[in-house]
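Please read the structure below before turning to the comments.
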Amino acid sequence: MKKYIIYFFIFLCICFFIPIFFTSPFSIKEVNSNIEPSNIITEATYDYKQYKTVKVLHKSTNKIEEIPFEEYLYGVVSAEMPASFEKEALKAQAVVARTYTLYKIVQNSSKHKGANICDDSGCCQAWISKENRLAKWKEEKRDEYWNKIVNCVNETQGKIITYENKPINAFFHSNSGGTTEIPINVWGGSGYPYLQSVQTSGEDAYSQYSSKVTVTKEKFEETIKKEHSNFKIDFNKKDCIKIKEYTEGGRVKTIAIGNVELSGVEVRTLFGLKSANFKITVESKNVTFEVIGYGHGVGMSQTGADSLAKQGKNYEEIIHHFYTGVEVKDI
Ligand SMILES: [Zn+2]
């Protein structure tokens, strides 16, 4: 009988104690708190205070540099926005840049192996070293401008823009032409609830607002043929170029040119236009694009931010103007 009690006791050990030794506290937490393992990782990932440095890929040298986070932002703000802009606009830019950087870190994309972000404004966001930045400013402005940038970053230290408690994909551009764009019209996909089309007054006061591109009819045909080999156009026909649809932000969505139909974004890329908000005029020898705004038009407009700051808005109000339903939070 005693023997059976011993066997029973051993059996109990196998059933209860051995699994405990093989179960890590981590997985016990999963079961107890009923949280998916991926969410546990997400919670840890979103502890923003852990990100003290940014690994930046310098596109020109293909080298990765690890820079203290706030110091990195001095280089971004001074590369992305004129230092002559209003302080509140520069502060909004600092918060946007901090948010965009965190979004990139957390997203952990494999785009730039070993780096969080690159210094190309066309790909991630621009960055310039202090030395190169100072060299580009007039000597008498160097101290004033650099201190202004540093103060704008420091005065917003730790502030980021969140939607549902996560950093937003804080797109920005130079000049919206008065109305910002929703991302689906630029890159496709499903969009983001906080990136809506909004209007800003005063953007026409900036040099980035309007531009013109003129090409010869031959060059025009040749450029489109590179992408559409079957392209044909008869410039004598009245409707040889016709805008068929506009986007929510008033940019060209689709345009019929000769026998092909292009998106406004494609025409922008083909002819190097500053935005997809354009008119086309055919003259005797040339084709002219009259363009409004500068950039993709999604998120914060930098000249719009400056215009709003001139109207007395602070950086938080500027952020709430361009990003719908967001919060400005401390990390
Ligand atoms: Zn990049």
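Following the order of the structure tokens, first chain is A, next is B, and so on, with residues numbered from 1 inside each chain and ligands from 1 in the order they appear.
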
Polymer residues at most 6 Å from stretch 203-212 of chain A, only C-alpha atoms, same-chain spacing of 5 or more positions, as a PDB file with N, CA and C atoms, in the first residue's frame:
```
ATOM      1  N   GLY A 177      -0.875  73.983 -51.329  1.00  0.00           N
ATOM      2  CA  GLY A 177      -1.653  74.724 -52.315  1.00  0.00           C
ATOM      3  C   GLY A 177      -3.005  75.137 -51.755  1.00  0.00           C
ATOM      4  N   GLY A 178      -3.192  74.964 -50.455  1.00  0.00           N
ATOM      5  CA  GLY A 178      -4.444  75.368 -49.807  1.00  0.00           C
ATOM      6  C   GLY A 178      -5.252  74.195 -49.290  1.00  0.00           C
ATOM      7  N   PHE A 289       2.743  73.187 -68.079  1.00  0.00           N
ATOM      8  CA  PHE A 289       2.044  72.782 -66.855  1.00  0.00           C
ATOM      9  C   PHE A 289       2.092  73.951 -65.882  1.00  0.00           C
ATOM     10  N   GLU A 290       0.946  74.363 -65.394  1.00  0.00           N
ATOM     11  CA  GLU A 290       0.909  75.361 -64.308  1.00  0.00           C
ATOM     12  C   GLU A 290       0.568  74.597 -63.041  1.00  0.00           C
ATOM     13  N   VAL A 291       1.493  74.642 -62.088  1.00  0.00           N
ATOM     14  CA  VAL A 291       1.400  73.763 -60.915  1.00  0.00           C
ATOM     15  C   VAL A 291       1.139  74.577 -59.647  1.00  0.00           C
ATOM     16  N   ILE A 292       0.256  74.047 -58.809  1.00  0.00           N
ATOM     17  CA  ILE A 292      -0.034  74.667 -57.506  1.00  0.00           C
ATOM     18  C   ILE A 292       0.429  73.726 -56.396  1.00  0.00           C
ATOM     19  N   GLY A 293       1.172  74.285 -55.421  1.00  0.00           N
ATOM     20  CA  GLY A 293       1.638  73.499 -54.275  1.00  0.00           C
ATOM     21  C   GLY A 293       2.950  72.784 -54.565  1.00  0.00           C
ATOM     22  N   TYR A 294       3.523  72.218 -53.489  1.00  0.00           N
ATOM     23  CA  TYR A 294       4.820  71.547 -53.603  1.00  0.00           C
ATOM     24  C   TYR A 294       4.830  70.331 -52.681  1.00  0.00           C
ATOM     25  N   GLY A 304       2.059  75.946 -44.675  1.00  0.00           N
ATOM     26  CA  GLY A 304       0.767  76.080 -43.994  1.00  0.00           C
ATOM     27  C   GLY A 304       0.967  76.243 -42.492  1.00  0.00           C
TER      28      GLY A 304
END
```

List every residue of stretch 68-312 of chain A that DSSP, applied to the backbone of this structure, places in strand (DSSP E), and write the result as a PDB file with N, CA and C atoms, in the first residue's frame.
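Saved to out-v6.pdb:
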```
ATOM      1  N   PRO A  68      22.399  60.455 -30.931  1.00  0.00           N
ATOM      2  CA  PRO A  68      21.416  60.659 -29.851  1.00  0.00           C
ATOM      3  C   PRO A  68      20.115  61.248 -30.422  1.00  0.00           C
ATOM      4  N   ILE A 117      16.321  54.619 -40.228  1.00  0.00           N
ATOM      5  CA  ILE A 117      15.815  55.682 -41.108  1.00  0.00           C
ATOM      6  C   ILE A 117      16.970  56.159 -41.996  1.00  0.00           C
ATOM      7  N   CYS A 118      16.652  56.772 -43.142  1.00  0.00           N
ATOM      8  CA  CYS A 118      17.733  57.331 -43.966  1.00  0.00           C
ATOM      9  C   CYS A 118      17.600  58.854 -44.034  1.00  0.00           C
ATOM     10  N   LYS A 159       7.640  65.167 -26.757  1.00  0.00           N
ATOM     11  CA  LYS A 159       6.255  65.270 -27.268  1.00  0.00           C
ATOM     12  C   LYS A 159       6.138  64.519 -28.591  1.00  0.00           C
ATOM     13  N   ILE A 160       5.108  63.701 -28.679  1.00  0.00           N
ATOM     14  CA  ILE A 160       4.832  63.021 -29.948  1.00  0.00           C
ATOM     15  C   ILE A 160       3.332  63.077 -30.250  1.00  0.00           C
ATOM     16  N   ILE A 161       2.997  62.797 -31.503  1.00  0.00           N
ATOM     17  CA  ILE A 161       1.595  62.791 -31.924  1.00  0.00           C
ATOM     18  C   ILE A 161       1.112  61.353 -31.953  1.00  0.00           C
ATOM     19  N   THR A 162       0.006  61.098 -31.249  1.00  0.00           N
ATOM     20  CA  THR A 162      -0.504  59.724 -31.214  1.00  0.00           C
ATOM     21  C   THR A 162      -1.949  59.647 -31.702  1.00  0.00           C
ATOM     22  N   TYR A 163      -2.287  58.477 -32.196  1.00  0.00           N
ATOM     23  CA  TYR A 163      -3.670  58.140 -32.523  1.00  0.00           C
ATOM     24  C   TYR A 163      -3.880  56.753 -31.937  1.00  0.00           C
ATOM     25  N   LYS A 166      -0.729  55.286 -30.233  1.00  0.00           N
ATOM     26  CA  LYS A 166       0.455  54.884 -30.990  1.00  0.00           C
ATOM     27  C   LYS A 166       0.917  56.055 -31.841  1.00  0.00           C
ATOM     28  N   PRO A 167       2.240  56.164 -32.079  1.00  0.00           N
ATOM     29  CA  PRO A 167       2.701  57.288 -32.905  1.00  0.00           C
ATOM     30  C   PRO A 167       2.120  57.196 -34.313  1.00  0.00           C
ATOM     31  N   PHE A 172       4.510  64.769 -43.991  1.00  0.00           N
ATOM     32  CA  PHE A 172       4.484  66.226 -44.171  1.00  0.00           C
ATOM     33  C   PHE A 172       5.049  66.566 -45.545  1.00  0.00           C
ATOM     34  N   HIS A 173       4.814  67.782 -45.952  1.00  0.00           N
ATOM     35  CA  HIS A 173       5.253  68.219 -47.283  1.00  0.00           C
ATOM     36  C   HIS A 173       5.469  69.726 -47.259  1.00  0.00           C
ATOM     37  N   SER A 210       3.373  78.322 -56.369  1.00  0.00           N
ATOM     38  CA  SER A 210       3.104  78.114 -57.799  1.00  0.00           C
ATOM     39  C   SER A 210       4.398  77.952 -58.592  1.00  0.00           C
ATOM     40  N   SER A 211       4.302  77.134 -59.626  1.00  0.00           N
ATOM     41  CA  SER A 211       5.467  76.904 -60.495  1.00  0.00           C
ATOM     42  C   SER A 211       4.985  76.514 -61.886  1.00  0.00           C
ATOM     43  N   LYS A 212       5.890  76.563 -62.833  1.00  0.00           N
ATOM     44  CA  LYS A 212       5.549  76.244 -64.224  1.00  0.00           C
ATOM     45  C   LYS A 212       6.585  75.321 -64.815  1.00  0.00           C
ATOM     46  N   VAL A 213       6.147  74.393 -65.648  1.00  0.00           N
ATOM     47  CA  VAL A 213       7.088  73.559 -66.403  1.00  0.00           C
ATOM     48  C   VAL A 213       6.646  73.600 -67.859  1.00  0.00           C
ATOM     49  N   THR A 214       7.564  73.949 -68.743  1.00  0.00           N
ATOM     50  CA  THR A 214       7.247  73.983 -70.172  1.00  0.00           C
ATOM     51  C   THR A 214       8.144  72.999 -70.909  1.00  0.00           C
ATOM     52  N   VAL A 215       7.525  72.162 -71.750  1.00  0.00           N
ATOM     53  CA  VAL A 215       8.313  71.235 -72.586  1.00  0.00           C
ATOM     54  C   VAL A 215       7.828  71.370 -74.032  1.00  0.00           C
ATOM     55  N   THR A 216       8.687  71.029 -74.960  1.00  0.00           N
ATOM     56  CA  THR A 216       8.254  71.046 -76.365  1.00  0.00           C
ATOM     57  C   THR A 216       7.282  69.887 -76.589  1.00  0.00           C
ATOM     58  N   ILE A 241      -6.095  66.466 -74.633  1.00  0.00           N
ATOM     59  CA  ILE A 241      -5.705  66.330 -73.219  1.00  0.00           C
ATOM     60  C   ILE A 241      -6.912  66.729 -72.378  1.00  0.00           C
ATOM     61  N   LYS A 242      -7.361  65.816 -71.541  1.00  0.00           N
ATOM     62  CA  LYS A 242      -8.558  66.127 -70.748  1.00  0.00           C
ATOM     63  C   LYS A 242      -8.460  65.542 -69.345  1.00  0.00           C
ATOM     64  N   ILE A 243      -8.571  66.429 -68.328  1.00  0.00           N
ATOM     65  CA  ILE A 243      -8.579  65.937 -66.943  1.00  0.00           C
ATOM     66  C   ILE A 243      -9.936  65.288 -66.688  1.00  0.00           C
ATOM     67  N   LYS A 244      -9.926  64.015 -66.272  1.00  0.00           N
ATOM     68  CA  LYS A 244     -11.187  63.284 -66.130  1.00  0.00           C
ATOM     69  C   LYS A 244     -11.728  63.307 -64.709  1.00  0.00           C
ATOM     70  N   GLU A 245     -10.797  63.309 -63.732  1.00  0.00           N
ATOM     71  CA  GLU A 245     -11.260  63.234 -62.344  1.00  0.00           C
ATOM     72  C   GLU A 245     -10.270  63.937 -61.420  1.00  0.00           C
ATOM     73  N   TYR A 246     -10.821  64.593 -60.399  1.00  0.00           N
ATOM     74  CA  TYR A 246      -9.971  65.237 -59.384  1.00  0.00           C
ATOM     75  C   TYR A 246     -10.046  64.459 -58.073  1.00  0.00           C
ATOM     76  N   VAL A 252      -5.077  66.371 -59.643  1.00  0.00           N
ATOM     77  CA  VAL A 252      -5.513  65.567 -60.786  1.00  0.00           C
ATOM     78  C   VAL A 252      -5.477  64.094 -60.390  1.00  0.00           C
ATOM     79  N   LYS A 253      -6.609  63.421 -60.529  1.00  0.00           N
ATOM     80  CA  LYS A 253      -6.655  61.989 -60.205  1.00  0.00           C
ATOM     81  C   LYS A 253      -6.363  61.187 -61.470  1.00  0.00           C
ATOM     82  N   THR A 254      -7.166  61.429 -62.522  1.00  0.00           N
ATOM     83  CA  THR A 254      -6.894  60.768 -63.808  1.00  0.00           C
ATOM     84  C   THR A 254      -7.006  61.779 -64.937  1.00  0.00           C
ATOM     85  N   ILE A 255      -6.160  61.566 -65.935  1.00  0.00           N
ATOM     86  CA  ILE A 255      -6.134  62.481 -67.072  1.00  0.00           C
ATOM     87  C   ILE A 255      -5.963  61.659 -68.351  1.00  0.00           C
ATOM     88  N   ALA A 256      -6.779  61.978 -69.364  1.00  0.00           N
ATOM     89  CA  ALA A 256      -6.651  61.303 -70.663  1.00  0.00           C
ATOM     90  C   ALA A 256      -5.737  62.156 -71.531  1.00  0.00           C
ATOM     91  N   ILE A 257      -4.651  61.559 -71.995  1.00  0.00           N
ATOM     92  CA  ILE A 257      -3.718  62.265 -72.880  1.00  0.00           C
ATOM     93  C   ILE A 257      -3.583  61.398 -74.126  1.00  0.00           C
ATOM     94  N   VAL A 260      -3.921  57.422 -74.146  1.00  0.00           N
ATOM     95  CA  VAL A 260      -3.660  56.775 -72.847  1.00  0.00           C
ATOM     96  C   VAL A 260      -4.308  57.548 -71.694  1.00  0.00           C
ATOM     97  N   GLU A 261      -4.520  56.828 -70.592  1.00  0.00           N
ATOM     98  CA  GLU A 261      -5.063  57.468 -69.396  1.00  0.00           C
ATOM     99  C   GLU A 261      -4.033  57.330 -68.283  1.00  0.00           C
ATOM    100  N   LEU A 262      -3.642  58.445 -67.679  1.00  0.00           N
ATOM    101  CA  LEU A 262      -2.602  58.433 -66.638  1.00  0.00           C
ATOM    102  C   LEU A 262      -3.165  58.980 -65.327  1.00  0.00           C
ATOM    103  N   SER A 263      -2.488  58.648 -64.228  1.00  0.00           N
ATOM    104  CA  SER A 263      -2.870  59.265 -62.951  1.00  0.00           C
ATOM    105  C   SER A 263      -2.107  60.588 -62.837  1.00  0.00           C
ATOM    106  N   PHE A 278      -2.280  70.409 -61.171  1.00  0.00           N
ATOM    107  CA  PHE A 278      -1.775  71.154 -62.329  1.00  0.00           C
ATOM    108  C   PHE A 278      -2.837  71.355 -63.405  1.00  0.00           C
ATOM    109  N   LYS A 279      -2.558  72.332 -64.269  1.00  0.00           N
ATOM    110  CA  LYS A 279      -3.359  72.583 -65.476  1.00  0.00           C
ATOM    111  C   LYS A 279      -2.414  72.404 -66.646  1.00  0.00           C
ATOM    112  N   ILE A 280      -2.916  71.938 -67.786  1.00  0.00           N
ATOM    113  CA  ILE A 280      -2.041  71.808 -68.954  1.00  0.00           C
ATOM    114  C   ILE A 280      -2.562  72.714 -70.065  1.00  0.00           C
ATOM    115  N   THR A 281      -1.666  73.460 -70.668  1.00  0.00           N
ATOM    116  CA  THR A 281      -2.027  74.287 -71.820  1.00  0.00           C
ATOM    117  C   THR A 281      -1.148  73.884 -73.003  1.00  0.00           C
ATOM    118  N   VAL A 282      -1.802  73.692 -74.151  1.00  0.00           N
ATOM    119  CA  VAL A 282      -1.043  73.365 -75.363  1.00  0.00           C
ATOM    120  C   VAL A 282      -0.909  74.629 -76.196  1.00  0.00           C
ATOM    121  N   ASN A 286       4.773  74.299 -77.702  1.00  0.00           N
ATOM    122  CA  ASN A 286       5.047  73.764 -76.366  1.00  0.00           C
ATOM    123  C   ASN A 286       3.803  73.285 -75.621  1.00  0.00           C
ATOM    124  N   VAL A 287       4.077  72.535 -74.563  1.00  0.00           N
ATOM    125  CA  VAL A 287       3.027  72.153 -73.611  1.00  0.00           C
ATOM    126  C   VAL A 287       3.469  72.709 -72.258  1.00  0.00           C
ATOM    127  N   THR A 288       2.566  73.450 -71.588  1.00  0.00           N
ATOM    128  CA  THR A 288       2.939  74.062 -70.302  1.00  0.00           C
ATOM    129  C   THR A 288       2.063  73.534 -69.169  1.00  0.00           C
ATOM    130  N   PHE A 289       2.743  73.187 -68.079  1.00  0.00           N
ATOM    131  CA  PHE A 289       2.044  72.782 -66.855  1.00  0.00           C
ATOM    132  C   PHE A 289       2.092  73.951 -65.882  1.00  0.00           C
ATOM    133  N   GLU A 290       0.946  74.363 -65.394  1.00  0.00           N
ATOM    134  CA  GLU A 290       0.909  75.361 -64.308  1.00  0.00           C
ATOM    135  C   GLU A 290       0.568  74.597 -63.041  1.00  0.00           C
ATOM    136  N   VAL A 291       1.493  74.642 -62.088  1.00  0.00           N
ATOM    137  CA  VAL A 291       1.400  73.763 -60.915  1.00  0.00           C
ATOM    138  C   VAL A 291       1.139  74.577 -59.647  1.00  0.00           C
ATOM    139  N   ILE A 292       0.256  74.047 -58.809  1.00  0.00           N
ATOM    140  CA  ILE A 292      -0.034  74.667 -57.506  1.00  0.00           C
ATOM    141  C   ILE A 292       0.429  73.726 -56.396  1.00  0.00           C
ATOM    142  N   MET A 300       1.044  67.344 -42.679  1.00  0.00           N
ATOM    143  CA  MET A 300       1.304  68.763 -42.409  1.00  0.00           C
ATOM    144  C   MET A 300       1.979  69.452 -43.586  1.00  0.00           C
ATOM    145  N   SER A 301       1.426  70.616 -43.941  1.00  0.00           N
ATOM    146  CA  SER A 301       2.093  71.481 -44.918  1.00  0.00           C
ATOM    147  C   SER A 301       3.006  72.417 -44.125  1.00  0.00           C
TER     148      SER A 301
END
```

Return as a JSON list (two decimals) with N, CA and C atoms, in the first residue's frame every polymer residue, whether protein, DNA or RNA, with at least one atom no more than 7 Å from an atom of ligand 1; count only C-alpha atoms and all ligand atoms.
```
[["chain", "number", "residue", "atom", "x", "y", "z"],
["A", 112, "HIS", "N", 16.01, 49.70, -44.82],
["A", 112, "HIS", "CA", 17.42, 50.08, -44.70],
["A", 112, "HIS", "C", 18.07, 49.17, -43.67],
["A", 117, "ILE", "N", 16.32, 54.62, -40.23],
["A", 117, "ILE", "CA", 15.82, 55.68, -41.11],
["A", 117, "ILE", "C", 16.97, 56.16, -42.00],
["A", 118, "CYS", "N", 16.65, 56.77, -43.14],
["A", 118, "CYS", "CA", 17.73, 57.33, -43.97],
["A", 118, "CYS", "C", 17.60, 58.85, -44.03],
["A", 119, "ASP", "N", 18.61, 59.51, -44.60],
["A", 119, "ASP", "CA", 18.62, 60.99, -44.60],
["A", 119, "ASP", "C", 18.14, 61.59, -45.92],
["A", 120, "ASP", "N", 17.38, 60.78, -46.70],
["A", 120, "ASP", "CA", 16.88, 61.26, -47.99],
["A", 120, "ASP", "C", 15.42, 61.68, -47.81],
["A", 123, "CYS", "N", 12.78, 59.67, -49.46],
["A", 123, "CYS", "CA", 12.55, 58.31, -48.96],
["A", 123, "CYS", "C", 12.03, 58.35, -47.52],
["A", 124, "CYS", "N", 12.80, 58.89, -46.59],
["A", 124, "CYS", "CA", 12.38, 58.97, -45.17],
["A", 124, "CYS", "C", 12.24, 60.44, -44.78]]
```

Could you give me, as a PyMOL selection string, the residues within 10 Å of A:Gly75, counting only C-alpha atoms and dropping anything in the same chain fewer than 3 positions from it?
-> chain A and resi 70-72+78-80+119+126-133+146+149-150

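The coordinates place atom CA of A:Glu317 at 15.3 Å from atom CA of A:Ala170.
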
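Taking atom CA of A:Thr101 and atom CA of A:Ser307 as the two end points, the separation is 24.7 Å.
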
Between atom CA of A:Asn116 and atom CA of A:Val56, measure the distance and give it in Å to one decimal.
-> 6.2 Å

Please identify all polymer residues within 6 Å of A:Arg251, counting only C-alpha atoms, omitting same-chain residues fewer than 2 positions from it, and present them as an mmCIF file with C-alpha atoms, in the first residue's frame.
```
data_model
loop_
_atom_site.group_PDB
_atom_site.id
_atom_site.type_symbol
_atom_site.label_atom_id
_atom_site.label_comp_id
_atom_site.auth_asym_id
_atom_site.auth_seq_id
_atom_site.Cartn_x
_atom_site.Cartn_y
_atom_site.Cartn_z
ATOM 1 C CA TYR A 246 -9.971 65.237 -59.384
ATOM 2 C CA THR A 247 -8.980 63.919 -55.958
ATOM 3 C CA GLY A 249 -7.683 67.416 -52.265
ATOM 4 C CA ALA A 276 -0.183 66.691 -58.908
ATOM 5 C CA ASN A 277 -2.295 69.878 -58.797
#
```

Can you list, as a list of chain:residue names, every protein, DNA or RNA residue that comes within 8 Å of A:Cys152 when you count only C-alpha atoms, leaving out same-chain residues fewer than 5 positions away?
-> A:Lys87, A:Glu88, A:Leu90, A:Lys91, A:Ala94

Please produce an output containing C-alpha atoms for each residue in the selection, written as a PDB file, in the first residue's frame.
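Ended up saving to out_13.pdb:
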```
ATOM      1  CA  LYS A  87       8.977  79.337 -33.865  1.00  0.00           C
ATOM      2  CA  GLU A  88       5.606  77.586 -33.445  1.00  0.00           C
ATOM      3  CA  LEU A  90       9.430  74.879 -36.188  1.00  0.00           C
ATOM      4  CA  LYS A  91       8.153  73.363 -32.941  1.00  0.00           C
ATOM      5  CA  ALA A  94      10.106  69.051 -34.329  1.00  0.00           C
TER       6      ALA A  94
END
```

If we count only C-alpha atoms, what is near A:Glu218 at a cut-off of 12 Å, once residues fewer than 6 positions away on the same chain are taken out, given as an MDAnalysis selection string?
-> chainID A and resid 224:225 232:235 284:287
